[in-house]
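J.: Coordinates in query09.cif, mmCIF, C-alpha atoms (C1' of nucleotides), are listed below.
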```cif
data_run
loop_
_atom_site.label_atom_id
_atom_site.label_comp_id
_atom_site.auth_asym_id
_atom_site.auth_seq_id
_atom_site.Cartn_x
_atom_site.Cartn_y
_atom_site.Cartn_z
CA MET A 115 82.08 -95.96 -111.94
CA ASP A 116 85.19 -97.56 -113.42
CA THR A 117 88.76 -98.11 -112.31
CA LEU A 118 89.70 -94.55 -113.20
CA ASP A 119 86.94 -93.19 -110.96
CA ARG A 120 88.08 -95.42 -108.15
CA ARG A 121 91.64 -94.21 -108.46
CA ILE A 122 90.50 -90.60 -108.47
CA ILE A 123 88.37 -91.25 -105.38
CA ALA A 124 91.25 -92.93 -103.59
CA ALA A 125 93.51 -89.97 -104.39
CA LEU A 126 90.94 -87.47 -103.14
CA ARG A 127 90.38 -89.44 -99.95
CA GLU A 128 94.09 -89.24 -99.36
CA ASN A 129 94.42 -85.59 -100.33
CA GLY A 130 91.18 -83.69 -100.65
CA ARG A 131 92.96 -80.62 -101.96
CA ALA A 132 94.69 -82.38 -104.84
CA THR A 133 94.36 -80.30 -108.01
CA TYR A 134 92.64 -81.66 -111.11
CA ALA A 135 95.93 -81.28 -112.95
CA GLU A 136 97.67 -83.39 -110.32
CA LEU A 137 94.93 -86.04 -110.34
CA GLY A 138 95.14 -86.12 -114.11
CA ARG A 139 98.86 -86.85 -113.93
CA GLN A 140 98.26 -89.67 -111.46
CA VAL A 141 95.59 -91.44 -113.50
CA GLY A 142 96.70 -90.49 -117.00
CA LEU A 143 93.93 -88.10 -118.01
CA SER A 144 93.74 -84.42 -118.87
CA ALA A 145 92.71 -82.00 -116.15
CA SER A 146 89.42 -81.33 -117.88
CA ALA A 147 88.54 -85.03 -118.06
CA VAL A 148 89.21 -85.33 -114.33
CA HIS A 149 87.18 -82.20 -113.71
CA GLU A 150 84.25 -83.77 -115.55
CA ARG A 151 84.52 -87.08 -113.69
CA VAL A 152 84.82 -85.49 -110.27
CA GLY A 153 81.82 -83.30 -111.05
CA LYS A 154 79.77 -86.40 -111.80
CA LEU A 155 80.99 -88.19 -108.68
CA GLU A 156 79.93 -85.18 -106.64
CA SER A 157 76.52 -84.76 -108.25
CA THR A 158 75.70 -88.46 -108.02
CA GLY A 159 76.50 -88.43 -104.31
CA VAL A 160 79.53 -90.70 -104.40
CA ILE A 161 81.73 -87.89 -103.12
CA THR A 162 79.75 -86.18 -100.38
CA GLY A 163 82.16 -83.42 -99.51
CA TYR A 164 85.66 -82.30 -98.62
CA HIS A 165 86.70 -81.56 -95.09
CA ALA A 166 89.79 -80.40 -93.25
CA MET A 167 90.79 -82.77 -90.46
CA VAL A 168 91.70 -80.99 -87.27
CA ASP A 169 93.54 -82.18 -84.19
CA PRO A 170 90.68 -82.14 -81.66
CA SER A 171 92.75 -81.11 -78.66
CA SER A 172 94.13 -78.15 -80.62
CA VAL A 173 90.61 -76.77 -80.84
CA GLY A 174 89.83 -77.43 -77.21
CA LEU A 175 88.08 -80.77 -77.58
CA GLY A 176 90.39 -83.06 -75.68
CA VAL A 177 87.78 -85.48 -74.34
CA THR A 178 86.23 -88.14 -76.55
CA ALA A 179 83.65 -90.69 -75.46
CA LEU A 180 81.61 -93.43 -77.08
CA ILE A 181 78.12 -93.63 -75.63
CA GLY A 182 75.67 -96.48 -76.05
CA ILE A 183 72.05 -95.41 -75.78
CA HIS A 184 69.18 -97.59 -74.58
CA SER A 185 65.78 -96.44 -75.79
CA THR A 186 62.61 -96.78 -73.80
CA ASP A 187 60.10 -99.37 -75.02
CA THR A 188 57.82 -96.70 -76.46
CA ALA A 189 60.51 -94.56 -78.05
CA ASP A 190 60.40 -93.48 -81.68
CA ASP A 191 63.97 -93.85 -82.86
CA GLU A 192 63.51 -91.16 -85.48
CA ASP A 193 62.66 -88.67 -82.77
CA VAL A 194 65.59 -89.80 -80.67
CA ALA A 195 67.97 -89.44 -83.62
CA ALA A 196 66.61 -85.97 -84.31
CA SER A 197 67.20 -84.96 -80.68
CA LEU A 198 70.73 -86.32 -80.79
CA ALA A 199 71.42 -84.31 -83.92
CA LEU A 200 70.64 -81.14 -82.00
CA LEU A 201 73.55 -81.68 -79.62
CA THR A 202 76.60 -80.20 -81.33
CA GLU A 203 78.98 -82.24 -79.19
CA VAL A 204 77.60 -85.44 -80.76
CA GLU A 205 79.91 -85.88 -83.71
CA SER A 206 78.68 -89.22 -85.04
CA CYS A 207 75.47 -91.17 -84.52
CA TYR A 208 74.93 -94.81 -85.45
CA ARG A 209 71.70 -96.78 -85.22
CA VAL A 210 72.82 -100.23 -84.11
CA ALA A 211 71.58 -103.77 -83.66
CA GLY A 212 71.63 -105.25 -80.17
CA GLU A 213 70.53 -104.15 -76.75
CA GLU A 214 71.36 -100.55 -77.44
CA SER A 215 69.56 -98.47 -80.05
CA PHE A 216 72.29 -95.98 -80.81
CA VAL A 217 75.97 -95.52 -80.35
CA VAL A 218 77.22 -91.96 -80.54
CA LYS A 219 80.65 -90.43 -80.48
CA VAL A 220 80.92 -87.28 -78.42
CA ARG A 221 83.72 -84.75 -78.24
CA VAL A 222 83.94 -82.15 -75.49
CA ALA A 223 86.53 -80.00 -73.77
CA THR A 224 86.48 -81.50 -70.28
CA VAL A 225 85.02 -84.35 -68.26
CA ASP A 226 82.78 -81.76 -66.62
CA GLU A 227 81.31 -81.04 -70.02
CA LEU A 228 80.96 -84.76 -70.61
CA GLU A 229 78.90 -84.96 -67.45
CA GLN A 230 76.70 -82.18 -68.73
CA THR A 231 76.29 -83.95 -72.04
CA LEU A 232 75.23 -87.15 -70.28
CA GLY A 233 72.67 -85.11 -68.39
CA ARG A 234 71.33 -83.67 -71.62
CA LEU A 235 71.15 -87.14 -73.16
CA ARG A 236 69.18 -88.54 -70.25
CA ARG A 237 66.66 -85.74 -70.50
CA ILE A 238 65.88 -86.63 -74.12
CA ALA A 239 62.46 -88.27 -74.42
CA GLY A 240 62.88 -91.88 -75.43
CA ILE A 241 66.31 -92.37 -73.89
CA ALA A 242 66.22 -94.75 -70.94
CA ARG A 243 69.85 -95.29 -70.14
CA THR A 244 73.36 -94.58 -71.40
CA ARG A 245 76.61 -96.49 -71.22
CA THR A 246 79.72 -94.39 -71.56
CA THR A 247 83.12 -95.57 -72.75
CA LEU A 248 85.83 -93.01 -72.33
CA VAL A 249 88.41 -92.85 -75.12
CA LEU A 250 91.94 -92.79 -73.71
CA SER A 251 93.67 -92.24 -77.03
CA THR A 252 92.76 -92.30 -80.67
CA ARG A 253 95.20 -94.54 -82.52
CA PHE A 254 93.77 -93.65 -85.93
CA GLU A 255 90.45 -92.45 -87.20
CA GLY A 256 88.56 -92.28 -90.48
CA ARG A 257 91.39 -93.94 -92.30
CA PRO A 258 90.75 -94.37 -96.03
CA ASN A 259 90.07 -98.04 -96.71
CA THR A 260 91.99 -98.36 -99.94
CA SER A 261 91.20 -102.04 -100.32
CA GLU A 262 90.49 -101.06 -103.95
CA VAL A 263 87.67 -103.50 -103.72
CA ASP A 264 86.96 -104.82 -107.17
CA THR A 265 87.86 -104.03 -110.73
CA ARG A 266 84.38 -104.47 -112.12
CA ASP A 267 82.80 -101.53 -113.90
CA GLU A 268 79.41 -100.17 -113.01
CA MET B 264 95.33 -69.27 -82.43
CA ASP B 265 92.81 -66.47 -82.37
CA THR B 266 89.23 -66.01 -83.46
CA LEU B 267 90.26 -65.55 -87.08
CA ASP B 268 92.10 -68.88 -87.04
CA ARG B 269 89.08 -70.55 -85.54
CA ARG B 270 86.80 -69.15 -88.19
CA ILE B 271 89.18 -70.29 -90.92
CA ILE B 272 89.33 -73.77 -89.37
CA ALA B 273 85.55 -73.94 -89.13
CA ALA B 274 85.24 -72.93 -92.79
CA LEU B 275 87.77 -75.55 -93.88
CA ARG B 276 86.06 -78.25 -91.85
CA GLU B 277 82.88 -77.38 -93.69
CA ASN B 278 84.50 -77.10 -97.11
CA GLY B 279 88.02 -78.45 -97.37
CA ARG B 280 88.36 -77.21 -100.93
CA ALA B 281 87.54 -73.60 -100.18
CA THR B 282 90.03 -71.30 -101.89
CA TYR B 283 92.15 -68.86 -99.92
CA ALA B 284 90.38 -66.03 -101.70
CA GLU B 285 87.01 -67.38 -100.59
CA LEU B 286 88.18 -67.88 -97.02
CA GLY B 287 89.57 -64.37 -97.05
CA ARG B 288 86.18 -63.01 -98.05
CA GLN B 289 84.51 -64.93 -95.24
CA VAL B 290 86.82 -63.74 -92.49
CA GLY B 291 87.77 -60.34 -93.87
CA LEU B 292 91.40 -60.93 -94.77
CA SER B 293 93.38 -60.97 -97.98
CA ALA B 294 94.04 -64.28 -99.66
CA SER B 295 97.74 -64.12 -98.83
CA ALA B 296 97.05 -63.50 -95.14
CA VAL B 297 94.80 -66.55 -95.12
CA HIS B 298 97.43 -68.49 -97.02
CA GLU B 299 99.97 -67.64 -94.35
CA ARG B 300 97.65 -68.57 -91.47
CA VAL B 301 96.58 -71.84 -93.01
CA GLY B 302 100.21 -72.73 -93.66
CA LYS B 303 100.97 -72.22 -89.97
CA LEU B 304 97.92 -74.20 -88.88
CA GLU B 305 99.10 -77.04 -91.10
CA SER B 306 102.72 -76.98 -89.99
CA THR B 307 101.83 -76.77 -86.29
CA GLY B 308 99.60 -79.82 -86.65
CA VAL B 309 96.29 -78.13 -85.96
CA ILE B 310 95.05 -79.02 -89.43
CA THR B 311 96.14 -82.59 -90.06
CA GLY B 312 94.90 -83.00 -93.60
CA TYR B 313 92.12 -82.68 -96.15
CA HIS B 314 90.02 -85.60 -97.25
CA ALA B 315 87.16 -86.27 -99.62
CA MET B 316 84.21 -87.90 -97.90
CA VAL B 317 82.72 -90.76 -99.85
CA ASP B 318 79.42 -92.55 -99.53
CA PRO B 319 80.66 -95.94 -98.29
CA SER B 320 78.06 -98.05 -100.07
CA SER B 321 78.93 -96.34 -103.36
CA VAL B 322 82.41 -97.80 -103.07
CA GLY B 323 81.21 -101.24 -102.08
CA LEU B 324 81.52 -100.90 -98.30
CA GLY B 325 77.94 -101.29 -97.20
CA VAL B 326 78.57 -103.02 -93.87
CA THR B 327 79.78 -101.09 -90.83
CA ALA B 328 80.44 -102.57 -87.40
CA LEU B 329 81.77 -101.36 -84.08
CA ILE B 330 83.91 -103.95 -82.38
CA GLY B 331 85.02 -103.94 -78.77
CA ILE B 332 88.27 -105.79 -78.17
CA HIS B 333 89.26 -107.55 -74.95
CA SER B 334 92.99 -107.98 -74.54
CA THR B 335 94.64 -110.92 -72.84
CA ASP B 336 96.23 -110.27 -69.45
CA THR B 337 99.71 -110.36 -70.88
CA ALA B 338 99.01 -108.32 -74.02
CA ASP B 339 101.08 -105.30 -74.99
CA ASP B 340 98.53 -102.79 -76.20
CA GLU B 341 101.05 -101.12 -78.47
CA ASP B 342 101.53 -104.39 -80.31
CA VAL B 343 97.79 -104.95 -80.52
CA ALA B 344 97.25 -101.45 -81.92
CA ALA B 345 99.99 -102.02 -84.47
CA SER B 346 98.35 -105.26 -85.57
CA LEU B 347 94.98 -103.56 -85.87
CA ALA B 348 96.52 -100.86 -88.03
CA LEU B 349 97.55 -103.53 -90.52
CA LEU B 350 93.94 -104.45 -91.25
CA THR B 351 92.75 -102.03 -93.93
CA GLU B 352 89.09 -102.65 -93.06
CA VAL B 353 89.69 -101.13 -89.61
CA GLU B 354 88.89 -97.51 -90.26
CA SER B 355 89.20 -96.13 -86.73
CA CYS B 356 90.85 -97.42 -83.58
CA TYR B 357 90.30 -96.09 -80.08
CA ARG B 358 92.08 -97.13 -76.90
CA VAL B 359 89.37 -97.04 -74.26
CA ALA B 360 88.83 -97.23 -70.53
CA GLY B 361 86.73 -100.06 -69.15
CA GLU B 362 86.59 -103.79 -69.63
CA GLU B 363 87.58 -103.55 -73.25
CA SER B 364 90.97 -102.30 -74.38
CA PHE B 365 90.01 -101.05 -77.82
CA VAL B 366 86.97 -100.16 -79.81
CA VAL B 367 87.41 -100.20 -83.56
CA LYS B 368 85.14 -99.24 -86.42
CA VAL B 369 85.25 -101.61 -89.35
CA ARG B 370 83.85 -101.20 -92.84
CA VAL B 371 83.49 -104.11 -95.24
CA ALA B 372 81.43 -105.09 -98.26
CA THR B 373 79.40 -107.97 -96.85
CA VAL B 374 78.65 -109.79 -93.61
CA ASP B 375 80.76 -112.64 -94.96
CA GLU B 376 83.70 -110.28 -95.02
CA LEU B 377 82.83 -109.14 -91.52
CA GLU B 378 83.06 -112.75 -90.41
CA GLN B 379 86.49 -112.98 -92.01
CA THR B 380 87.57 -109.79 -90.28
CA LEU B 381 86.44 -111.15 -86.91
CA GLY B 382 88.52 -114.24 -87.62
CA ARG B 383 91.55 -112.12 -88.39
CA LEU B 384 91.04 -110.13 -85.20
CA ARG B 385 90.86 -113.24 -83.05
CA ARG B 386 94.11 -114.50 -84.50
CA ILE B 387 95.96 -111.38 -83.41
CA ALA B 388 98.27 -112.09 -80.47
CA GLY B 389 96.97 -110.30 -77.39
CA ILE B 390 93.32 -110.29 -78.40
CA ALA B 391 91.22 -112.52 -76.17
CA ARG B 392 87.69 -111.75 -77.26
CA THR B 393 85.64 -109.42 -79.42
CA ARG B 394 82.17 -107.96 -79.08
CA THR B 395 80.56 -106.87 -82.33
CA THR B 396 77.85 -104.27 -82.71
CA LEU B 397 76.42 -104.11 -86.21
CA VAL B 398 75.58 -100.63 -87.50
CA LEU B 399 72.10 -100.57 -89.05
CA SER B 400 72.33 -97.03 -90.33
CA THR B 401 74.61 -94.05 -89.95
CA ARG B 402 72.54 -91.02 -89.00
CA PHE B 403 75.52 -88.67 -89.23
CA GLU B 404 79.24 -89.03 -88.91
CA GLY B 405 82.27 -86.83 -88.30
CA ARG B 406 80.12 -83.78 -88.04
CA PRO B 407 82.07 -80.57 -87.46
CA ASN B 408 81.50 -79.50 -83.85
CA THR B 409 81.14 -75.79 -84.46
CA SER B 410 80.55 -75.05 -80.81
CA GLU B 411 83.05 -72.23 -81.43
CA VAL B 412 84.28 -73.07 -78.01
CA ASP B 413 85.83 -69.96 -76.54
CA THR B 414 86.95 -66.58 -77.69
CA ARG B 415 90.20 -66.56 -75.79
CA ASP B 416 93.41 -66.15 -77.76
CA GLU B 417 96.31 -68.54 -77.52
"C1'" DA C 165 84.04 -89.57 -123.05
"C1'" DC C 166 88.51 -87.35 -123.80
"C1'" DT C 167 91.54 -83.66 -125.78
"C1'" DG C 168 93.40 -79.20 -126.42
"C1'" DA C 169 92.80 -74.16 -126.76
"C1'" DA C 170 91.56 -70.06 -124.50
"C1'" DA C 171 90.02 -66.90 -120.95
"C1'" DC C 172 89.87 -66.55 -116.30
"C1'" DT C 173 91.09 -67.18 -111.27
"C1'" DG C 174 93.71 -68.67 -107.52
"C1'" DA C 175 98.34 -69.93 -105.61
"C1'" DG C 176 102.22 -68.62 -103.63
"C1'" DG C 177 106.30 -65.69 -103.15
"C1'" DA C 178 108.53 -60.76 -102.91
"C1'" DG C 179 108.58 -56.46 -100.92
"C1'" DG C 180 106.93 -52.98 -97.77
"C1'" DG C 181 104.27 -50.88 -93.77
"C1'" DC D 253 100.71 -59.79 -88.91
"C1'" DC D 254 98.80 -57.78 -92.81
"C1'" DC D 255 98.66 -55.66 -97.42
"C1'" DT D 256 99.58 -55.09 -102.49
"C1'" DC D 257 101.66 -56.57 -106.47
"C1'" DC D 258 103.24 -60.06 -109.74
"C1'" DT D 259 103.96 -64.36 -112.18
"C1'" DC D 260 102.86 -68.97 -112.97
"C1'" DA D 261 99.88 -72.83 -112.59
"C1'" DG D 262 95.38 -74.64 -112.23
"C1'" DT D 263 90.36 -74.10 -113.32
"C1'" DT D 264 86.70 -74.19 -116.23
"C1'" DT D 265 84.36 -73.80 -120.55
"C1'" DC D 266 83.80 -75.13 -125.16
"C1'" DA D 267 84.46 -76.74 -129.89
"C1'" DG D 268 86.13 -80.72 -132.05
"C1'" DT D 269 86.65 -85.76 -132.53
#
```
What do you get writing this file as structure tokens?
T.:
Amino acid sequence: MDTLDRRIIAALRENGRATYAELGRQVGLSASAVHERVGKLESTGVITGYHAMVDPSSVGLGVTALIGIHSTDTADDEDVAASLALLTEVESCYRVAGEESFVVKVRVATVDELEQTLGRLRRIAGIARTRTTLVLSTRFEGRPNTSEVDTRDE
Amino acid sequence: MDTLDRRIIAALRENGRATYAELGRQVGLSASAVHERVGKLESTGVITGYHAMVDPSSVGLGVTALIGIHSTDTADDEDVAASLALLTEVESCYRVAGEESFVVKVRVATVDELEQTLGRLRRIAGIARTRTTLVLSTRFEGRPNTSEVDTRDE
DNA sequence: ACTGAAACTGAGGAGGG
DNA sequence: CCCTCCTCAGTTTCAGT
């Protein structure tokens, strides 16, 4: 993991469909060298995948909410997390410190569906209470943090 | 926006580097037909981009926090959002309903850096108070909601 | 670990139904 | 809106250094 790797990663975070040839031009390597490096980054789990970003409302998911989840005293958080994973409308799931056990991000089509989701959440064993924060607008999301942290090698 | 488009979108959310030929095989179209459809989805803003996903701790960003932001009474939320956008450690920014004006997701290397970020936030004009929730672990994040919503055409 | 050569495959545009 | 060509560029492997 050196500076070259970091520059390749930054470029791929910006444009996940960049060609190896293009990446090579940007960092000053041949396409095959980039190909080799990216392959290693993928197989060592540094790069976990490539995904198209989609405008949620264009695919009928215009309602976003952040939901804090209070577990019951006896709850097994692993079980709760597993149950949350089964709900497709739960897009992200964070185990957090504080009064709440989890914070999840949910995306649905309508507030009616949100209500249904809250009902489903409350029926999960181990969930005592939820606290919902409705998202009015997403200013930006999943932005690549190109702080280009340090220049140290691995 | 028909079923074919939705299937192409779902495939690209899963694998953003899928080739047009591969997508064509999956949905039963020629590569050029897929090429044409994807081009339209991109230019109409349905697909907003392609990004490599990276394991945050592998790039030295092992600390994640969710921060609720209370604005001052006189704050202009547009200005606050603009100021938040200037902080590279702020990865996502949501305008929300409720007591807080914004919820942001922040990723930094250490808790020391988190402290610095909180300091920077408090110095932003229009921000009265912050409430930080430390993420202990990310169970899953940005998962494609393949609820394959409806089968209606556009 | 990178380069350059070579064989292969996909990209992307033209033309036609 | 989709297909079939066609050409060029990128991918991917491999021998060499």
J.: I need the chain A residues near chain C as a ChimeraX atom specification; criterion: at most 10 Å, counting all atoms listed in the file.
T.: /A:143-148,150-151
J.: After a least-squares superposition on chain A over all sequentially paired C-alpha atoms, what is chain B as a compact mmCIF listing (two decimals) with C-alpha atoms, keeping the file's coordinate frame?
T.:
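Contents of result_16.txt, as written:
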```txt
# COMPACT_ATOMS: atom_id res chain seq x y z
CA MET B 264 82.15 -96.05 -111.88
CA ASP B 265 85.25 -97.63 -113.32
CA THR B 266 88.82 -98.12 -112.20
CA LEU B 267 89.73 -94.55 -113.11
CA ASP B 268 86.93 -93.22 -110.90
CA ARG B 269 88.10 -95.41 -108.07
CA ARG B 270 91.65 -94.18 -108.39
CA ILE B 271 90.45 -90.57 -108.42
CA ILE B 272 88.32 -91.22 -105.33
CA ALA B 273 91.24 -92.87 -103.54
CA ALA B 274 93.47 -89.89 -104.36
CA LEU B 275 90.87 -87.41 -103.11
CA ARG B 276 90.35 -89.37 -99.91
CA GLU B 277 94.07 -89.11 -99.34
CA ASN B 278 94.34 -85.46 -100.34
CA GLY B 279 91.07 -83.60 -100.64
CA ARG B 280 92.81 -80.50 -101.95
CA ALA B 281 94.54 -82.21 -104.85
CA THR B 282 94.14 -80.16 -108.02
CA TYR B 283 92.49 -81.60 -111.11
CA ALA B 284 95.79 -81.24 -112.92
CA GLU B 285 97.54 -83.28 -110.23
CA LEU B 286 94.84 -85.94 -110.24
CA GLY B 287 95.07 -86.07 -114.01
CA ARG B 288 98.79 -86.75 -113.78
CA GLN B 289 98.19 -89.55 -111.30
CA VAL B 290 95.57 -91.37 -113.33
CA GLY B 291 96.70 -90.43 -116.82
CA LEU B 292 93.91 -88.10 -117.87
CA SER B 293 93.67 -84.43 -118.73
CA ALA B 294 92.59 -82.01 -116.05
CA SER B 295 89.28 -81.36 -117.78
CA ALA B 296 88.48 -85.07 -118.00
CA VAL B 297 89.13 -85.36 -114.27
CA HIS B 298 87.07 -82.25 -113.68
CA GLU B 299 84.17 -83.84 -115.51
CA ARG B 300 84.45 -87.14 -113.63
CA VAL B 301 84.74 -85.52 -110.24
CA GLY B 302 81.72 -83.36 -111.01
CA LYS B 303 79.69 -86.49 -111.75
CA LEU B 304 80.95 -88.26 -108.64
CA GLU B 305 79.86 -85.24 -106.61
CA SER B 306 76.45 -84.85 -108.22
CA THR B 307 75.65 -88.57 -107.97
CA GLY B 308 76.45 -88.51 -104.26
CA VAL B 309 79.50 -90.74 -104.35
CA ILE B 310 81.67 -87.92 -103.06
CA THR B 311 79.69 -86.22 -100.32
CA GLY B 312 82.08 -83.43 -99.46
CA TYR B 313 85.58 -82.27 -98.58
CA HIS B 314 86.64 -81.52 -95.05
CA ALA B 315 89.75 -80.35 -93.25
CA MET B 316 90.78 -82.72 -90.48
CA VAL B 317 91.74 -80.97 -87.28
CA ASP B 318 93.61 -82.18 -84.24
CA PRO B 319 90.76 -82.15 -81.70
CA SER B 320 92.84 -81.13 -78.70
CA SER B 321 94.22 -78.17 -80.66
CA VAL B 322 90.69 -76.80 -80.84
CA GLY B 323 89.92 -77.48 -77.21
CA LEU B 324 88.16 -80.83 -77.60
CA GLY B 325 90.45 -83.13 -75.69
CA VAL B 326 87.83 -85.54 -74.36
CA THR B 327 86.26 -88.19 -76.58
CA ALA B 328 83.67 -90.73 -75.49
CA LEU B 329 81.61 -93.45 -77.11
CA ILE B 330 78.13 -93.64 -75.67
CA GLY B 331 75.66 -96.47 -76.11
CA ILE B 332 72.04 -95.38 -75.84
CA HIS B 333 69.16 -97.55 -74.64
CA SER B 334 65.78 -96.40 -75.85
CA THR B 335 62.57 -96.71 -73.89
CA ASP B 336 60.05 -99.28 -75.12
CA THR B 337 57.80 -96.62 -76.56
CA ALA B 338 60.52 -94.47 -78.14
CA ASP B 339 60.41 -93.39 -81.77
CA ASP B 340 63.98 -93.79 -82.95
CA GLU B 341 63.55 -91.10 -85.57
CA ASP B 342 62.70 -88.61 -82.85
CA VAL B 343 65.63 -89.75 -80.73
CA ALA B 344 68.02 -89.39 -83.68
CA ALA B 345 66.67 -85.93 -84.38
CA SER B 346 67.24 -84.93 -80.76
CA LEU B 347 70.77 -86.30 -80.85
CA ALA B 348 71.49 -84.29 -83.97
CA LEU B 349 70.71 -81.12 -82.04
CA LEU B 350 73.61 -81.68 -79.66
CA THR B 351 76.67 -80.20 -81.37
CA GLU B 352 79.04 -82.28 -79.22
CA VAL B 353 77.64 -85.45 -80.80
CA GLU B 354 79.96 -85.89 -83.73
CA SER B 355 78.71 -89.23 -85.07
CA CYS B 356 75.50 -91.17 -84.57
CA TYR B 357 74.94 -94.80 -85.49
CA ARG B 358 71.71 -96.77 -85.28
CA VAL B 359 72.81 -100.21 -84.16
CA ALA B 360 71.55 -103.74 -83.70
CA GLY B 361 71.58 -105.24 -80.23
CA GLU B 362 70.47 -104.12 -76.81
CA GLU B 363 71.33 -100.53 -77.50
CA SER B 364 69.54 -98.45 -80.10
CA PHE B 365 72.29 -95.97 -80.86
CA VAL B 366 75.97 -95.52 -80.38
CA VAL B 367 77.23 -91.97 -80.58
CA LYS B 368 80.69 -90.46 -80.50
CA VAL B 369 80.96 -87.31 -78.45
CA ARG B 370 83.77 -84.79 -78.26
CA VAL B 371 83.99 -82.19 -75.51
CA ALA B 372 86.61 -80.07 -73.78
CA THR B 373 86.55 -81.55 -70.29
CA VAL B 374 85.05 -84.40 -68.28
CA ASP B 375 82.82 -81.81 -66.64
CA GLU B 376 81.36 -81.08 -70.04
CA LEU B 377 80.99 -84.80 -70.64
CA GLU B 378 78.93 -84.99 -67.47
CA GLN B 379 76.74 -82.18 -68.77
CA THR B 380 76.34 -83.95 -72.09
CA LEU B 381 75.27 -87.16 -70.33
CA GLY B 382 72.70 -85.10 -68.45
CA ARG B 383 71.38 -83.66 -71.68
CA LEU B 384 71.17 -87.12 -73.21
CA ARG B 385 69.19 -88.51 -70.30
CA ARG B 386 66.69 -85.70 -70.58
CA ILE B 387 65.91 -86.59 -74.18
CA ALA B 388 62.47 -88.20 -74.50
CA GLY B 389 62.88 -91.83 -75.51
CA ILE B 390 66.30 -92.33 -73.96
CA ALA B 391 66.19 -94.71 -71.02
CA ARG B 392 69.83 -95.25 -70.20
CA THR B 393 73.34 -94.56 -71.45
CA ARG B 394 76.58 -96.49 -71.26
CA THR B 395 79.72 -94.40 -71.59
CA THR B 396 83.09 -95.62 -72.77
CA LEU B 397 85.84 -93.05 -72.35
CA VAL B 398 88.42 -92.91 -75.14
CA LEU B 399 91.95 -92.87 -73.71
CA SER B 400 93.68 -92.33 -77.02
CA THR B 401 92.80 -92.38 -80.69
CA ARG B 402 95.23 -94.63 -82.52
CA PHE B 403 93.80 -93.74 -85.92
CA GLU B 404 90.50 -92.52 -87.20
CA GLY B 405 88.60 -92.33 -90.48
CA ARG B 406 91.41 -94.00 -92.30
CA PRO B 407 90.80 -94.40 -96.03
CA ASN B 408 90.11 -98.09 -96.71
CA THR B 409 92.09 -98.41 -99.91
CA SER B 410 91.28 -102.07 -100.27
CA GLU B 411 90.59 -101.11 -103.90
CA VAL B 412 87.78 -103.55 -103.63
CA ASP B 413 87.07 -104.89 -107.08
CA THR B 414 87.95 -104.09 -110.63
CA ARG B 415 84.49 -104.55 -112.03
CA ASP B 416 82.88 -101.61 -113.81
CA GLU B 417 79.50 -100.23 -112.90
```
J.: With only C-alpha atoms as the basis for distance, which of A:Gly233, A:Gly212, A:Gly138, A:Gly153 is at the shortest distance from chain B?
T.: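 Under the stated criterion, the closest residue is A:Gly212.
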J.: Just the number, please: distance in Å from CA of Val290 (chain B) to CA of Val173 (chain A), one decimal.
T.: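 Calculated distance between CA of Val290 (chain B) and CA of Val173 (chain A) is 17.9 Å.
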J.: Leaving out Thr252 (chain A) and any residue of its chain fewer than 3 positions from it, which residues lie within 10 Å of it when counting only C-alpha atoms (C1' of nucleotides), given as an mmCIF file with C-alpha atoms, in the frame of the given file?
T.:
```cif
data_model
loop_
_atom_site.group_PDB
_atom_site.id
_atom_site.type_symbol
_atom_site.label_atom_id
_atom_site.label_comp_id
_atom_site.auth_asym_id
_atom_site.auth_seq_id
_atom_site.Cartn_x
_atom_site.Cartn_y
_atom_site.Cartn_z
ATOM 1 C CA THR A 178 86.230 -88.140 -76.550
ATOM 2 C CA VAL A 249 88.410 -92.850 -75.120
ATOM 3 C CA GLU A 255 90.450 -92.450 -87.200
ATOM 4 C CA SER B 355 89.200 -96.130 -86.730
ATOM 5 C CA CYS B 356 90.850 -97.420 -83.580
ATOM 6 C CA TYR B 357 90.300 -96.090 -80.080
ATOM 7 C CA ARG B 358 92.080 -97.130 -76.900
ATOM 8 C CA VAL B 359 89.370 -97.040 -74.260
ATOM 9 C CA PHE B 365 90.010 -101.050 -77.820
ATOM 10 C CA VAL B 366 86.970 -100.160 -79.810
ATOM 11 C CA VAL B 367 87.410 -100.200 -83.560
#
```
J.: Under the PyMOL selection byres ((chain A and resi 187) around 12), which residues of this model are included? Write them out as a PDB file with C-alpha atoms, in the coordinates of the input.
T.:
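Saved the output as out_0.pdb:
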```pdb
ATOM      1  CA  HIS A 184      69.180 -97.590 -74.580  1.00  0.00           C
ATOM      2  CA  SER A 185      65.780 -96.440 -75.790  1.00  0.00           C
ATOM      3  CA  THR A 186      62.610 -96.780 -73.800  1.00  0.00           C
ATOM      4  CA  THR A 188      57.820 -96.700 -76.460  1.00  0.00           C
ATOM      5  CA  ALA A 189      60.510 -94.560 -78.050  1.00  0.00           C
ATOM      6  CA  ASP A 190      60.400 -93.480 -81.680  1.00  0.00           C
ATOM      7  CA  ASP A 191      63.970 -93.850 -82.860  1.00  0.00           C
ATOM      8  CA  GLU A 213      70.530-104.150 -76.750  1.00  0.00           C
ATOM      9  CA  GLU A 214      71.360-100.550 -77.440  1.00  0.00           C
ATOM     10  CA  SER A 215      69.560 -98.470 -80.050  1.00  0.00           C
ATOM     11  CA  ALA A 239      62.460 -88.270 -74.420  1.00  0.00           C
ATOM     12  CA  GLY A 240      62.880 -91.880 -75.430  1.00  0.00           C
ATOM     13  CA  ILE A 241      66.310 -92.370 -73.890  1.00  0.00           C
ATOM     14  CA  ALA A 242      66.220 -94.750 -70.940  1.00  0.00           C
ATOM     15  CA  ARG A 243      69.850 -95.290 -70.140  1.00  0.00           C
TER      16      ARG A 243
END
```
